[in-house]
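*Asks:* Dropping in entry.cif, which is mmCIF, C-alpha atoms:
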data_work
#
loop_
_atom_site.group_PDB
_atom_site.id
_atom_site.type_symbol
_atom_site.label_atom_id
_atom_site.label_comp_id
_atom_site.auth_asym_id
_atom_site.auth_seq_id
_atom_site.Cartn_x
_atom_site.Cartn_y
_atom_site.Cartn_z
ATOM 1 C CA MET A 276 22.940 5.666 -11.460
ATOM 2 C CA ASN A 277 20.620 5.871 -8.441
ATOM 3 C CA GLU A 278 22.713 3.420 -6.422
ATOM 4 C CA ARG A 279 25.785 5.670 -6.722
ATOM 5 C CA VAL A 280 24.037 8.881 -5.670
ATOM 6 C CA ARG A 281 23.453 9.701 -2.012
ATOM 7 C CA LEU A 282 20.257 11.628 -1.220
ATOM 8 C CA ILE A 283 20.674 14.032 1.699
ATOM 9 C CA PRO A 284 17.535 15.838 2.983
ATOM 10 C CA ILE A 285 18.342 19.200 4.570
ATOM 11 C CA HIS A 286 16.380 20.473 7.549
ATOM 12 C CA THR A 287 15.316 24.138 7.576
ATOM 13 C CA ARG A 288 13.092 26.414 9.561
ATOM 14 C CA ILE A 289 9.727 27.370 8.054
ATOM 15 C CA LEU A 290 10.491 29.491 5.011
ATOM 16 C CA THR A 291 8.227 32.411 4.117
ATOM 17 C CA GLU A 292 7.915 35.193 1.566
ATOM 18 C CA LYS A 293 10.480 37.138 3.627
ATOM 19 C CA ASP A 294 13.152 34.637 2.554
ATOM 20 C CA THR A 295 14.893 34.114 -0.763
ATOM 21 C CA ILE A 296 15.400 30.517 -1.767
ATOM 22 C CA ALA A 297 19.063 30.997 -2.704
ATOM 23 C CA ASP A 298 19.858 32.494 0.711
ATOM 24 C CA ALA A 299 18.004 29.675 2.476
ATOM 25 C CA VAL A 300 19.737 26.887 0.557
ATOM 26 C CA GLU A 301 23.127 28.483 1.167
ATOM 27 C CA GLU A 302 22.402 29.016 4.870
ATOM 28 C CA TYR A 303 21.351 25.442 5.577
ATOM 29 C CA GLY A 304 23.258 23.472 2.962
ATOM 30 C CA ARG A 305 26.555 25.195 2.250
ATOM 31 C CA TYR A 306 28.601 22.631 4.224
ATOM 32 C CA LEU A 307 26.898 19.694 2.484
ATOM 33 C CA ILE A 308 26.884 20.877 -1.130
ATOM 34 C CA GLY A 309 29.898 20.189 -3.337
ATOM 35 C CA ALA A 310 30.895 20.746 -6.947
ATOM 36 C CA ALA A 311 29.668 17.298 -8.018
ATOM 37 C CA ASP A 312 26.244 17.626 -6.365
ATOM 38 C CA VAL A 313 22.779 18.568 -7.586
ATOM 39 C CA VAL A 314 20.536 20.634 -5.304
ATOM 40 C CA CYS A 315 16.820 19.800 -5.423
ATOM 41 C CA VAL A 316 14.216 22.150 -3.941
ATOM 42 C CA ALA A 317 10.512 21.462 -3.422
ATOM 43 C CA GLU A 318 8.413 23.575 -5.782
ATOM 44 C CA SER A 319 5.927 24.712 -3.114
ATOM 45 C CA VAL A 320 8.712 26.211 -0.985
ATOM 46 C CA VAL A 321 10.148 28.116 -3.950
ATOM 47 C CA ALA A 322 6.674 29.487 -4.716
ATOM 48 C CA ILE A 323 6.119 30.495 -1.082
ATOM 49 C CA THR A 324 9.393 32.456 -0.970
ATOM 50 C CA GLN A 325 8.200 34.213 -4.141
ATOM 51 C CA GLY A 326 4.958 35.174 -2.394
ATOM 52 C CA ARG A 327 2.925 33.064 -4.803
ATOM 53 C CA TYR A 328 0.047 31.983 -2.582
ATOM 54 C CA VAL A 329 -3.456 33.140 -1.744
ATOM 55 C CA ARG A 330 -6.055 32.402 0.911
ATOM 56 C CA PRO A 331 -9.340 30.916 -0.380
ATOM 57 C CA GLU A 332 -11.411 33.696 1.185
ATOM 58 C CA GLU A 333 -9.568 36.188 -1.032
ATOM 59 C CA LEU A 334 -10.932 34.518 -4.167
ATOM 60 C CA ARG A 335 -14.345 34.960 -5.784
ATOM 61 C CA PRO A 336 -15.078 31.818 -7.798
ATOM 62 C CA SER A 337 -16.464 32.557 -11.252
ATOM 63 C CA TRP A 338 -19.228 30.657 -12.969
ATOM 64 C CA GLN A 339 -16.582 29.074 -15.201
ATOM 65 C CA ALA A 340 -14.799 27.683 -12.131
ATOM 66 C CA ARG A 341 -18.058 26.346 -10.671
ATOM 67 C CA LEU A 342 -19.021 24.732 -13.987
ATOM 68 C CA MET A 343 -15.661 23.073 -14.652
ATOM 69 C CA ASN A 344 -15.351 21.891 -11.062
ATOM 70 C CA ARG A 345 -18.351 19.598 -11.612
ATOM 71 C CA PHE A 346 -16.427 17.528 -14.150
ATOM 72 C CA VAL A 347 -13.111 16.924 -12.370
ATOM 73 C CA PRO A 348 -12.319 13.970 -10.037
ATOM 74 C CA ASN A 349 -12.850 14.392 -6.296
ATOM 75 C CA ALA A 350 -9.119 14.452 -5.671
ATOM 76 C CA GLY A 351 -6.339 16.897 -6.411
ATOM 77 C CA SER A 352 -6.155 20.669 -6.449
ATOM 78 C CA MET A 353 -8.837 21.159 -9.090
ATOM 79 C CA ALA A 354 -11.400 19.265 -6.976
ATOM 80 C CA THR A 355 -12.446 22.494 -5.218
ATOM 81 C CA ILE A 356 -13.828 25.648 -6.768
ATOM 82 C CA TYR A 357 -11.159 27.682 -4.976
ATOM 83 C CA GLY A 358 -8.311 25.635 -6.398
ATOM 84 C CA MET A 359 -9.906 25.958 -9.832
ATOM 85 C CA GLN A 360 -10.343 29.709 -9.435
ATOM 86 C CA ALA A 361 -6.753 30.117 -8.255
ATOM 87 C CA ALA A 362 -5.521 28.473 -11.453
ATOM 88 C CA MET A 363 -7.828 30.738 -13.452
ATOM 89 C CA GLU A 364 -6.345 33.825 -11.802
ATOM 90 C CA GLU A 365 -3.036 32.868 -13.436
ATOM 91 C CA GLU A 366 -4.169 31.311 -16.713
ATOM 92 C CA GLY A 367 -7.337 33.268 -17.471
ATOM 93 C CA GLU A 368 -10.918 32.090 -17.102
ATOM 94 C CA TRP A 369 -11.760 31.823 -20.792
ATOM 95 C CA LYS A 370 -8.471 30.139 -21.658
ATOM 96 C CA MET A 371 -9.066 27.523 -18.951
ATOM 97 C CA LEU A 372 -12.621 26.895 -20.143
ATOM 98 C CA PHE A 373 -11.569 26.676 -23.809
ATOM 99 C CA TRP A 374 -8.828 24.103 -23.189
ATOM 100 C CA PHE A 375 -11.066 22.217 -20.766
ATOM 101 C CA VAL A 376 -13.567 21.662 -23.563
ATOM 102 C CA ILE A 377 -10.815 20.794 -26.075
ATOM 103 C CA GLY A 378 -9.243 18.444 -23.544
ATOM 104 C CA PHE A 379 -12.573 16.705 -22.949
ATOM 105 C CA ILE A 380 -13.011 16.124 -26.683
ATOM 106 C CA ALA A 381 -9.406 14.920 -27.042
ATOM 107 C CA LYS A 382 -9.944 12.497 -24.187
ATOM 108 C CA LEU A 383 -12.832 10.908 -26.078
ATOM 109 C CA PHE A 384 -10.333 10.074 -28.825
ATOM 110 C CA GLY A 385 -7.802 8.629 -26.390
ATOM 111 C CA LYS A 386 -5.511 11.653 -25.946
ATOM 112 C CA ARG A 387 -5.150 12.607 -22.287
ATOM 113 C CA GLY A 388 -3.553 15.597 -20.560
ATOM 114 C CA VAL A 389 -4.368 18.266 -23.165
ATOM 115 C CA TRP A 390 -5.941 20.625 -20.619
ATOM 116 C CA TYR A 391 -3.015 20.342 -18.215
ATOM 117 C CA ALA A 392 -0.492 20.766 -21.024
ATOM 118 C CA HIS A 393 -1.965 24.133 -22.053
ATOM 119 C CA CYS A 394 -2.972 25.341 -18.579
ATOM 120 C CA ARG A 395 0.041 24.457 -16.457
ATOM 121 C CA GLN A 396 -1.267 26.008 -13.231
ATOM 122 C CA ALA A 397 -4.071 23.444 -13.260
ATOM 123 C CA SER A 398 -1.472 20.827 -12.366
ATOM 124 C CA LEU A 399 0.917 23.023 -10.371
ATOM 125 C CA VAL A 400 -1.479 24.633 -7.877
ATOM 126 C CA ASP A 401 -1.405 23.122 -4.379
ATOM 127 C CA ASP A 402 -4.827 23.479 -2.796
ATOM 128 C CA VAL A 403 -5.496 23.961 0.926
ATOM 129 C CA THR A 404 -3.696 21.300 3.041
ATOM 130 C CA GLY A 405 -1.466 20.583 0.059
ATOM 131 C CA THR A 406 1.642 22.083 1.642
ATOM 132 C CA MET A 407 3.318 22.667 4.990
ATOM 133 C CA PRO A 408 1.875 24.663 7.947
ATOM 134 C CA PRO A 409 1.179 27.545 8.295
ATOM 135 C CA PHE A 410 0.583 27.618 4.529
ATOM 136 C CA ASP A 411 -1.768 24.639 4.716
ATOM 137 C CA LYS A 412 -4.569 27.223 4.916
ATOM 138 C CA CYS A 413 -3.461 28.733 1.609
ATOM 139 C CA ILE A 414 -3.528 27.824 -2.064
ATOM 140 C CA VAL A 415 0.031 27.826 -3.422
ATOM 141 C CA TYR A 416 0.751 28.478 -7.107
ATOM 142 C CA GLY A 417 3.545 26.923 -9.101
ATOM 143 C CA PRO A 418 6.913 28.720 -8.922
ATOM 144 C CA GLN A 419 7.757 31.542 -11.285
ATOM 145 C CA ASP A 420 10.706 31.259 -13.722
ATOM 146 C CA PRO A 421 11.897 27.885 -12.351
ATOM 147 C CA ASP A 422 14.756 27.504 -14.868
ATOM 148 C CA ARG A 423 16.127 30.936 -13.998
ATOM 149 C CA VAL A 424 15.933 30.172 -10.267
ATOM 150 C CA CYS A 425 17.836 26.925 -10.830
ATOM 151 C CA GLU A 426 20.590 28.701 -12.759
ATOM 152 C CA GLU A 427 20.906 31.231 -9.947
ATOM 153 C CA LEU A 428 21.194 28.408 -7.404
ATOM 154 C CA ARG A 429 23.874 26.641 -9.440
ATOM 155 C CA GLU A 430 25.952 29.799 -9.819
ATOM 156 C CA ARG A 431 25.472 30.874 -6.212
ATOM 157 C CA LEU A 432 26.341 27.488 -4.684
ATOM 158 C CA GLY A 433 29.023 26.372 -7.122
ATOM 159 C CA CYS A 434 27.349 22.984 -7.506
ATOM 160 C CA TYR A 435 26.963 20.809 -10.601
ATOM 161 C CA GLY A 436 23.299 21.720 -11.005
ATOM 162 C CA ALA A 437 19.966 22.532 -9.401
ATOM 163 C CA VAL A 438 16.354 21.509 -9.958
ATOM 164 C CA ILE A 439 12.912 22.461 -8.688
ATOM 165 C CA ALA A 440 10.770 19.365 -8.277
ATOM 166 C CA ASP A 441 7.193 18.413 -7.509
ATOM 167 C CA VAL A 442 7.226 14.977 -5.834
ATOM 168 C CA ASN A 443 4.570 13.110 -3.874
ATOM 169 C CA ASP A 444 4.139 9.829 -2.036
ATOM 170 C CA LEU A 445 2.192 8.290 -4.939
ATOM 171 C CA LYS A 446 5.377 7.525 -6.891
ATOM 172 C CA ARG A 447 5.084 10.604 -9.081
ATOM 173 C CA ALA A 448 7.948 13.023 -9.599
ATOM 174 C CA ALA A 449 8.096 16.013 -11.931
ATOM 175 C CA VAL A 450 11.035 18.332 -12.564
ATOM 176 C CA LEU A 451 9.553 21.799 -13.118
ATOM 177 C CA GLY A 452 12.824 23.618 -13.638
ATOM 178 C CA ALA A 453 16.490 22.724 -14.032
ATOM 179 C CA SER A 454 19.837 24.351 -14.641
ATOM 180 C CA ARG A 455 21.551 23.707 -17.941
ATOM 181 C CA ASN A 456 22.832 20.299 -18.976
ATOM 182 C CA LEU A 457 20.859 18.269 -16.438
ATOM 183 C CA GLU A 458 18.919 15.193 -17.544
ATOM 184 C CA ARG A 459 15.494 15.927 -16.104
ATOM 185 C CA THR A 460 13.987 12.474 -16.537
ATOM 186 C CA GLU A 461 16.902 10.819 -14.740
ATOM 187 C CA ILE A 462 16.633 13.219 -11.808
ATOM 188 C CA ALA A 463 12.862 12.707 -11.597
ATOM 189 C CA ARG A 464 13.534 8.960 -11.465
ATOM 190 C CA THR A 465 16.073 9.486 -8.676
ATOM 191 C CA LEU A 466 13.505 11.437 -6.619
ATOM 192 C CA ILE A 467 10.629 9.007 -7.175
ATOM 193 C CA ASP A 468 10.597 7.770 -3.540
ATOM 194 C CA ASN A 469 10.019 11.348 -2.328
ATOM 195 C CA PRO A 470 12.974 12.206 -0.076
ATOM 196 C CA PHE A 471 11.445 15.619 0.634
ATOM 197 C CA GLY A 472 9.615 16.434 3.849
ATOM 198 C CA ASN A 473 7.384 19.483 3.421
ATOM 199 C CA GLY A 474 5.433 18.918 6.642
ATOM 200 C CA SER A 475 6.707 18.542 10.178
ATOM 201 C CA GLU A 476 10.024 17.181 8.839
ATOM 202 C CA LYS A 477 10.886 20.604 7.370
ATOM 203 C CA THR A 478 13.269 19.133 4.786
ATOM 204 C CA PRO A 479 12.292 20.905 1.540
ATOM 205 C CA ILE A 480 15.861 20.693 0.178
ATOM 206 C CA VAL A 481 17.538 17.479 -0.967
ATOM 207 C CA VAL A 482 21.133 17.193 -2.135
ATOM 208 C CA LEU A 483 22.043 14.518 -4.683
ATOM 209 C CA GLN A 484 25.620 14.011 -3.553
ATOM 210 C CA GLY A 485 28.014 12.759 -6.207
ATOM 211 C CA TYR A 486 25.523 13.073 -9.058
ATOM 212 C CA ALA A 487 28.117 14.361 -11.543
ATOM 213 C CA HIS A 488 30.534 11.522 -10.760
ATOM 214 C CA ALA A 489 27.719 8.964 -11.119
ATOM 215 C CA ALA A 490 26.925 10.482 -14.516
ATOM 216 C CA GLY A 491 30.553 10.104 -15.547
ATOM 217 C CA PHE A 492 31.733 13.698 -15.196
ATOM 218 C CA ASP A 493 34.373 15.290 -13.007
ATOM 219 C CA PRO A 494 33.549 18.975 -12.403
ATOM 220 C CA SER A 495 36.989 19.573 -10.867
ATOM 221 C CA ALA A 496 38.893 18.339 -13.934
ATOM 222 C CA GLU A 497 39.971 21.166 -16.197
ATOM 223 C CA GLY A 498 38.677 20.724 -19.705
ATOM 224 C CA THR A 499 36.128 18.074 -18.739
ATOM 225 C CA ALA A 500 33.280 18.074 -21.240
ATOM 226 C CA LEU A 501 29.819 18.764 -19.934
ATOM 227 C CA PRO A 502 26.809 16.822 -21.161
ATOM 228 C CA PRO A 503 25.053 18.427 -24.149
ATOM 229 C CA PRO A 504 22.657 21.277 -23.333
ATOM 230 C CA PHE A 505 19.002 20.367 -22.993
ATOM 231 C CA THR A 506 17.018 20.614 -26.189
ATOM 232 C CA GLU A 507 14.383 23.189 -26.978
ATOM 233 C CA LEU A 508 11.788 20.497 -26.345
ATOM 234 C CA ASP A 509 13.086 20.054 -22.787
ATOM 235 C CA LYS A 510 13.647 23.721 -22.067
ATOM 236 C CA GLY A 511 11.070 25.038 -19.643
ATOM 237 C CA GLU A 512 8.860 21.959 -19.976
ATOM 238 C CA PRO A 513 8.129 20.032 -16.776
ATOM 239 C CA THR A 514 9.375 16.449 -17.001
ATOM 240 C CA GLU A 515 7.353 13.868 -15.108
ATOM 241 C CA TYR A 516 8.270 10.333 -14.123
ATOM 242 C CA ASN A 517 5.808 7.766 -12.812
ATOM 243 C CA ASP A 518 6.898 4.498 -11.276
#
Using structure tokens, write down the structure that the file contains.
*Replies:*
Amino acid sequence: MNERVRLIPIHTRILTEKDTIADAVEEYGRYLIGAADVVCVAESVVAITQGRYVRPEELRPSWQARLMNRFVPNAGSMATIYGMQAAMEEEGEWKMLFWFVIGFIAKLFGKRGVWYAHCRQASLVDDVTGTMPPFDKCIVYGPQDPDRVCEELRERLGCYGAVIADVNDLKRAAVLGASRNLERTEIARTLIDNPFGNGSEKTPIVVLQGYAHAAGFDPSAEGTALPPPFTELDKGEPTEYND
């Protein structure tokens, strides 16, 4: 499918908490987005427009954060006590510590990712320098209600669908939220080369032009069947693809 879909990055100004993501996407992309397209938005930008960020100096790291920070790799958002504390502000300190211990035990038996599965902000938080200026001095949380935001984007823009994605240059792509009937794994695979530009490029929106046609559907045809709705297992669960 990827060869039949055209990826169009959309340039914007710096978006802040004074913006709404639907208004921004419509302002900058309305002439590029059609009924057969899927709109993809970077998760950090959605979170910023929701005001979901904090400066490290506003946090007071707990002893739980300091303890757990000693046992995580020296890379990623949980590598600092402030990133760890930010996740705890959302998930709860004791919950994070409990699942950290359970995850450590599970890892000894070959099961990985238990902690991140039960404490989603541990994987969604972007630590300092993890996002675009001027928010590179802030810790950015994961977006709130990503599926609802995607449905609002789809209805507002009249497009085939919308997703909120977390993609990096290490060939990792995760779909955190999606409008109904979209195949999250396929879209994550399409975004694996990271077409977003959250830094100086200022292209936090990417349009997958012709996605519906590539998937074998014609949104303009009356009576055309849509793909089956996503299952309860998929609903609200981030889908990650690694190349």
*Asks:* Do you know which residues the PyMOL selection byres ((chain A and resi 330) around 12) returns on this file, as a list in words?
*Replies:* Gly326, Arg327, Tyr328, Val329, Pro331, Glu332, Glu333, Leu334, Arg335, Tyr357, Gly358, Gln360, Ala361, Asp401, Asp402, Val403, Thr404, Pro409, Phe410, Asp411, Lys412, Cys413, Ile414, Val415 and Tyr416 of chain A
*Asks:* I'd like to see the residues matched by the PyMOL selection byres ((chain A and resi 303-313) around 9) on this file, and ideally I'd get them as a ChimeraX atom specification.
*Replies:* /A:283,285-287,298-302,314-315,429,432-438,480-488,492-495
*Asks:* Around the point (4.9, 27.3, -8.3) in the file's coordinates, collect all residues with an atom within 6 Å, using only C-alpha atoms, and return them as a PyMOL selection string.
*Replies:* chain A and resi 318-319+322+416-419
*Asks:* Could you write out that same residue set with C-alpha atoms as a PDB file, keeping the file's coordinate frame?
*Replies:*
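Below you can see result.pdb, which holds the result:
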ATOM      1  CA  GLU A 318       8.413  23.575  -5.782  1.00  0.00           C
ATOM      2  CA  SER A 319       5.927  24.712  -3.114  1.00  0.00           C
ATOM      3  CA  ALA A 322       6.674  29.487  -4.716  1.00  0.00           C
ATOM      4  CA  TYR A 416       0.751  28.478  -7.107  1.00  0.00           C
ATOM      5  CA  GLY A 417       3.545  26.923  -9.101  1.00  0.00           C
ATOM      6  CA  PRO A 418       6.913  28.720  -8.922  1.00  0.00           C
ATOM      7  CA  GLN A 419       7.757  31.542 -11.285  1.00  0.00           C
TER       8      GLN A 419
END
*Asks:* Evaluate the PyMOL selection byres ((chain A and resi 452) around 12) on the structure here and hand back the selected residues as an NGL selection string.
*Replies:* :A and (314-318 or 321 or 417-428 or 436-441 or 449-451 or 453-460 or 462-463 or 505 or 509-515)
*Asks:* As an exercise, work out the distance from atom CA of A:Ile380 to atom CA of A:Gln339 in Å and give it to one decimal place.
*Replies:* 17.7 Å
*Asks:* Measuring between all atoms listed in the file, which one of A:Ala448, A:Ala362, A:Ile289, A:Met343 shows the shortest distance to A:Val400?
*Replies:* A:Ala362
*Asks:* Atom CA of A:Phe471 and atom CA of A:Ile323 are how many Å apart?
*Replies:*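 Result for atom CA of A:Phe471 versus atom CA of A:Ile323: 15.9 Å, one decimal.
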*Asks:* How many Å lie between atom CA of A:Pro348 and atom CA of A:Lys446, rounded to one decimal?
*Replies:*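 Going from atom CA of A:Pro348 over to atom CA of A:Lys446 covers 19.1 Å.
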*Asks:* Could you pull the residues within 7 Å of stretch 374-377 of chain A, counting all atoms listed in the file, minus those fewer than 4 positions along the same chain, as a list in words?
*Replies:*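 What passes the distance filter is Lys370, Ala381, Trp390 and His393 of chain A.
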*Asks:* Given all atoms listed in the file as the basis, pick out the residue of A:Met371, A:Leu290, A:Ala392, A:Met359 nearest to A:Pro408.
*Replies:* A:Leu290
*Asks:* Using all atoms listed in the file, which residues sit within 8 Å of A:Ile356 once same-chain residues fewer than 3 positions away are excluded, as a PyMOL selection string?
*Replies:* chain A and resi 336+340-341+344+353+359-360
